[in-house]
Amino acid sequence: MDDDIQLDVTGPVLVVGGYGTVGGELARLAAPSWPLLLTGRTPEKGRALADEVGAEVRRWDLGDPEPFSARVRAVITTVNDPEDRVLRAAIRGGVPYVDITRWTARLQRATAVAAVHPPKAPVLLSSSWMGGVTALVTAALAAELGGASAVEIAVRYDLKDRAGTDSVEFMDRLGLDYEVTEDGRRRMIMPLTGAGYVAIGEHRTKVARIDTPEQFTLPLALGVDTAITRIGFSANSSTSSLLALKKTGFFRWGRGDRFEKPRRSMLYSPGEGGSALLRIDVRGRAGERRTAVLQDTAGQAHLTALGGLLGLRRVLGEDGAAAPGGVVFPEMTPVPQDVVSALEKAGVEVAVS
């Protein structure tokens, strides 16, 4: 690709997918701080949002070979970048880059791309659950404990919430084993195993294991011996149905493009809105524990976009610390003590016990 993205420290922040479900939330959060350039496949759909936040909107279809060019101060992508077009263009142009959409295998590939083509500007791979929020809060709790040995995350996915099509991409990975770290050892496990109930706020939620990037990055960045993420749905019956479907082997034989639509349709039925709710348990080296329960009544897209906003502040050095160098993950924040207050200022309820 001949995409040409160049650094201009006075230019706009480029939001790729800037008028989608998450991109739109991010545009509204970021507009008071920076000028914005929103891109997507059909700019006409983004005109109203662009007018609302005072942004420019242009076409950039990542599936179309037509080159794209812009001069920007930073790039954040809120949609899948399957061929690494945005990442490679940002690295070539020396532009700070944030990605909040990659699942584990794609995050690992992005890390390899950056190793082969070392970036001159920060590259923040912030696609742990909710745009890096889970990893940031884990870092905050670990800092309170003076280090962490184990992290367990439980997510309550609200089926009534607004959601973009990428939000259920994890359905495509339910037939693929993935690597985890437990008790200091790496091993392969199957998705949707380890089912059980967890109290997430006031909700007794049935959860099971799922492949998410923080299970790969937390052992590397924070040195934890165990990292586990489980997910359940706002209706426990939906979780039970998914577990029953797994027993039929559907996620093994129903892989590939042919079954993509029926796989995703099982969960992709977005409603008018709901709440983002999750629980993070961190155990310190001496056995002491911290638990954080996060609730964002503005919804899952808002909380994900907020993770993206914090990522932009990080790569631009506007969060109270100098911008990083090279490839980083959100839990590598140099200001973990500020994470909870930043979330609360944005309307997220955080209860730490």
# chains A, B, ... in the order shown; residues from 1 in each chain; ligands from 1
>>> residues_around(residues="Val57 in chain A", least_positions_apart="4", cutoff="8 Å", atoms="only C-alpha atoms", output="ChimeraX atom specification")
/A:37-39,43,46-47,50
>>> residues_around(residues="Gly201 in chain A", least_positions_apart="6", cutoff="9 Å", atoms="only C-alpha atoms", output="short mmCIF file (atom, residue, chain, number, x, y, z; two decimals) with C-alpha atoms, in the first residue's frame")
data_model
loop_
_atom_site.label_atom_id
_atom_site.label_comp_id
_atom_site.auth_asym_id
_atom_site.auth_seq_id
_atom_site.Cartn_x
_atom_site.Cartn_y
_atom_site.Cartn_z
CA LEU A 277 -19.91 -3.90 34.10
CA LEU A 278 -16.79 -5.82 35.02
CA ARG A 279 -14.79 -7.04 38.00
CA VAL A 293 -15.85 -3.31 40.19
CA LEU A 294 -16.37 -0.92 37.29
CA GLN A 295 -19.71 0.23 35.96
#
>>> closest_residue(among="A:Gly232, A:Pro119, A:Gly311, A:Gly284", to="Pro330 in chain A", atoms="only C-alpha atoms")
A:Gly311
>>> select_by_dssp(residues="range 70-258 of chain A", states="strand (DSSP E or B)", output="PyMOL selection string")
chain A and resi 70-72+74-77+97-99+123-125+150-157+178-182+185-189+196-200+203-209+226-233
>>> residues_around(residues="Ile228 in chain A", least_positions_apart="4", cutoff="9 Å", atoms="only C-alpha atoms", output="list in words")
Ala150, Val151, Glu152, Ile153, Ala154, Val180, Thr181, Glu182, Arg209, Ile210, Glu214 and Gln215 of chain A
>>> write_last_selection(atoms="all heavy atoms", output="CSV table (one decimal), in the first residue's frame")
chain,number,residue,atom,x,y,z
A,150,ALA,N,-1.3,-12.5,40.6
A,150,ALA,CA,-2.4,-13.1,39.9
A,150,ALA,C,-3.5,-12.1,39.6
A,150,ALA,O,-3.7,-11.2,40.4
A,150,ALA,CB,-3.0,-14.3,40.7
A,151,VAL,N,-4.1,-12.2,38.5
A,151,VAL,CA,-5.2,-11.3,38.0
A,151,VAL,C,-6.3,-12.2,37.5
A,151,VAL,O,-6.1,-13.1,36.6
A,151,VAL,CB,-4.7,-10.3,36.9
A,151,VAL,CG1,-5.9,-9.4,36.5
A,151,VAL,CG2,-3.5,-9.5,37.4
A,152,GLU,N,-7.5,-11.9,37.9
A,152,GLU,CA,-8.7,-12.6,37.4
A,152,GLU,C,-9.7,-11.5,37.0
A,152,GLU,O,-10.0,-10.6,37.8
A,152,GLU,CB,-9.3,-13.6,38.3
A,152,GLU,CG,-8.4,-14.8,38.6
A,152,GLU,CD,-9.1,-15.9,39.2
A,152,GLU,OE1,-10.4,-16.0,39.0
A,152,GLU,OE2,-8.5,-16.7,40.0
A,153,ILE,N,-10.2,-11.5,35.8
A,153,ILE,CA,-11.1,-10.5,35.3
A,153,ILE,C,-12.4,-11.2,34.9
A,153,ILE,O,-12.4,-12.3,34.2
A,153,ILE,CB,-10.5,-9.8,34.0
A,153,ILE,CG1,-9.2,-9.0,34.5
A,153,ILE,CG2,-11.5,-8.8,33.4
A,153,ILE,CD1,-8.4,-8.5,33.3
A,154,ALA,N,-13.5,-10.6,35.3
A,154,ALA,CA,-14.8,-11.2,34.9
A,154,ALA,C,-15.6,-10.1,34.3
A,154,ALA,O,-15.8,-9.0,34.9
A,154,ALA,CB,-15.5,-11.7,36.1
A,180,VAL,N,-2.5,-19.4,27.8
A,180,VAL,CA,-2.6,-18.6,29.0
A,180,VAL,C,-1.4,-18.9,29.9
A,180,VAL,O,-0.6,-19.9,29.7
A,180,VAL,CB,-3.9,-19.0,29.8
A,180,VAL,CG1,-5.1,-18.6,28.9
A,180,VAL,CG2,-3.9,-20.5,30.2
A,181,THR,N,-1.2,-18.0,30.9
A,181,THR,CA,-0.2,-18.2,31.9
A,181,THR,C,-0.9,-18.5,33.2
A,181,THR,O,-1.7,-17.6,33.7
A,181,THR,CB,0.7,-17.0,32.0
A,181,THR,OG1,1.3,-16.8,30.7
A,181,THR,CG2,1.8,-17.2,33.1
A,182,GLU,N,-0.6,-19.6,33.9
A,182,GLU,CA,-1.2,-19.9,35.2
A,182,GLU,C,-0.1,-20.5,36.0
A,182,GLU,O,0.6,-21.4,35.6
A,182,GLU,CB,-2.3,-20.9,35.1
A,182,GLU,CG,-3.6,-20.4,34.4
A,182,GLU,CD,-4.7,-21.4,34.4
A,182,GLU,OE1,-5.2,-21.7,35.5
A,182,GLU,OE2,-5.1,-21.8,33.3
A,209,ARG,N,-14.3,-18.9,30.2
A,209,ARG,CA,-13.0,-18.3,29.8
A,209,ARG,C,-13.1,-17.9,28.3
A,209,ARG,O,-13.8,-18.6,27.5
A,209,ARG,CB,-11.9,-19.3,30.0
A,209,ARG,CG,-11.7,-19.6,31.5
A,209,ARG,CD,-10.6,-20.5,31.8
A,209,ARG,NE,-9.3,-19.8,31.6
A,209,ARG,CZ,-8.2,-20.1,32.2
A,209,ARG,NH1,-8.2,-21.1,33.2
A,209,ARG,NH2,-7.1,-19.4,32.0
A,210,ILE,N,-12.4,-16.9,28.0
A,210,ILE,CA,-12.4,-16.3,26.6
A,210,ILE,C,-11.0,-15.8,26.3
A,210,ILE,O,-10.3,-15.3,27.3
A,210,ILE,CB,-13.4,-15.2,26.5
A,210,ILE,CG1,-13.5,-14.7,25.0
A,210,ILE,CG2,-13.1,-14.1,27.4
A,210,ILE,CD1,-14.6,-13.7,24.8
A,214,GLU,N,-5.2,-9.1,27.2
A,214,GLU,CA,-4.5,-8.9,28.5
A,214,GLU,C,-3.9,-10.2,29.1
A,214,GLU,O,-3.0,-10.1,29.9
A,214,GLU,CB,-5.4,-8.2,29.5
A,214,GLU,CG,-6.6,-9.0,30.0
A,214,GLU,CD,-7.8,-8.8,29.1
A,214,GLU,OE1,-7.7,-8.2,28.0
A,214,GLU,OE2,-8.9,-9.4,29.5
A,215,GLN,N,-4.5,-11.3,28.7
A,215,GLN,CA,-4.0,-12.6,29.2
A,215,GLN,C,-2.6,-12.9,28.6
A,215,GLN,O,-1.8,-13.6,29.2
A,215,GLN,CB,-4.9,-13.7,28.9
A,215,GLN,CG,-6.2,-13.6,29.7
A,215,GLN,CD,-7.3,-14.6,29.3
A,215,GLN,OE1,-7.4,-15.7,29.9
A,215,GLN,NE2,-8.0,-14.2,28.2
>>> closest_residue(among="A:Gly347, A:Gly146, A:Gly326, A:Pro122", to="Val95 in chain A", atoms="only C-alpha atoms")
A:Pro122
>>> closest_residue(among="A:Ala235, A:Ala286, A:Leu125, A:Ala55", to="Lys160 in chain A", atoms="only C-alpha atoms")
A:Ala235
>>> select_by_dssp(residues="range 97-313 of chain A", states="alpha helix (DSSP H)", output="MDAnalysis selection string")
chainID A and resid 104:116 133:145 214:222 236:247 250:253 260:265 300:313
>>> atom_distance(atom1="CA of Ala142 in chain A", atom2="CA of Trp103 in chain A")
23.6 Å
>>> atom_distance(atom1="CA of His302 in chain A", atom2="CA of Glu44 in chain A")
22.7 Å
>>> closest_residue(among="A:Leu174, A:Leu62, A:Val98, A:Leu159", to="Ala305 in chain A", atoms="only C-alpha atoms")
A:Val98
>>> residues_around(residues="Val133 in chain A", least_positions_apart="4", cutoff="10 Å", atoms="only C-alpha atoms", output="VMD selection string")
chain A and resid 126 to 129 137 to 139 294 303 to 308 310 to 311 330 to 331 339 to 340 343
>>> closest_residue(among="A:Ser275, A:Gln6, A:Ser149, A:Ser237", to="Thr297 in chain A", atoms="only C-alpha atoms")
A:Ser275
>>> closest_residue(among="A:Gly196, A:Gly320, A:Gly147, A:Pro334", to="Arg285 in chain A", atoms="only C-alpha atoms")
A:Gly147
>>> residues_around(residues="Val123 in chain A", least_positions_apart="2", cutoff="9 Å", atoms="only C-alpha atoms", output="PyMOL selection string")
chain A and resi 87+90-91+95-99+114+119-121+125+315+324-329
>>> residues_around(residues="Ala148 in chain A", least_positions_apart="6", cutoff="12 Å", atoms="only C-alpha atoms", output="PyMOL selection string")
chain A and resi 138-142+218-219+221-227+281-290
>>> write_last_selection(atoms="C-alpha atoms", output="tab-separated table (two decimals), in the first residue's frame")
chain	number	residue	atom	x	y	z
A	138	THR	CA	-5.06	-3.94	36.93
A	139	ALA	CA	-1.91	-1.80	36.87
A	140	ALA	CA	-3.46	0.59	39.39
A	141	LEU	CA	-4.36	-2.22	41.79
A	142	ALA	CA	-0.97	-3.89	41.34
A	218	LEU	CA	-0.14	-8.82	31.73
A	219	PRO	CA	2.40	-11.61	32.42
A	221	ALA	CA	4.37	-6.27	31.43
A	222	LEU	CA	3.52	-6.79	35.11
A	223	GLY	CA	5.16	-10.15	35.70
A	224	VAL	CA	2.02	-11.85	37.00
A	225	ASP	CA	2.09	-15.63	37.33
A	226	THR	CA	-1.60	-16.04	36.49
A	227	ALA	CA	-3.88	-14.06	34.19
A	281	ASP	CA	-9.37	-9.22	41.22
A	282	VAL	CA	-5.64	-8.77	41.83
A	283	ARG	CA	-3.57	-10.77	44.33
A	284	GLY	CA	-0.29	-9.36	45.60
A	285	ARG	CA	2.93	-11.26	46.16
A	286	ALA	CA	2.25	-11.57	49.89
A	287	GLY	CA	-1.31	-12.81	49.36
A	288	GLU	CA	-3.15	-9.56	49.96
A	289	ARG	CA	-5.92	-8.70	47.50
A	290	ARG	CA	-7.64	-5.80	45.79
>>> atom_distance(atom1="CA of Tyr157 in chain A", atom2="CA of Arg230 in chain A")
10.5 Å
>>> residues_around(residues="Glu83 in chain A", least_positions_apart="6", cutoff="12 Å", atoms="only C-alpha atoms", output="list in words")
Met1, Leu62, Gly63, Asp64, Pro65, Ala89, Arg102, Arg106, Arg109, Ala110 and Val113 of chain A
>>> write_last_selection(atoms="N, CA and C atoms", output="CSV table (one decimal), in the first residue's frame")
chain,number,residue,atom,x,y,z
A,1,MET,N,0.8,-1.2,0.0
A,1,MET,CA,0.0,0.0,0.0
A,1,MET,C,0.9,1.3,0.0
A,62,LEU,N,-10.3,0.5,4.4
A,62,LEU,CA,-9.1,-0.3,4.5
A,62,LEU,C,-9.1,-1.6,3.6
A,63,GLY,N,-10.2,-1.9,3.0
A,63,GLY,CA,-10.3,-3.0,2.1
A,63,GLY,C,-10.1,-2.5,0.6
A,64,ASP,N,-9.9,-1.2,0.4
A,64,ASP,CA,-9.8,-0.7,-0.9
A,64,ASP,C,-8.3,-0.3,-1.1
A,65,PRO,N,-7.7,-0.7,-2.2
A,65,PRO,CA,-6.2,-0.4,-2.4
A,65,PRO,C,-5.9,1.1,-2.6
A,89,ALA,N,1.5,2.5,8.1
A,89,ALA,CA,1.6,3.8,7.6
A,89,ALA,C,2.0,4.8,8.8
A,102,ARG,N,-7.5,-4.9,18.3
A,102,ARG,CA,-6.9,-6.2,18.0
A,102,ARG,C,-7.1,-7.3,19.0
A,106,ARG,N,-3.6,-11.0,16.5
A,106,ARG,CA,-3.3,-9.8,15.7
A,106,ARG,C,-2.4,-8.8,16.5
A,109,ARG,N,1.0,-10.2,16.2
A,109,ARG,CA,1.5,-9.9,14.8
A,109,ARG,C,1.9,-8.4,14.8
A,110,ALA,N,1.2,-7.5,15.3
A,110,ALA,CA,1.5,-6.1,15.3
A,110,ALA,C,2.8,-5.9,16.1
A,113,VAL,N,5.5,-6.9,13.7
A,113,VAL,CA,5.7,-5.9,12.6
A,113,VAL,C,6.5,-4.7,13.2
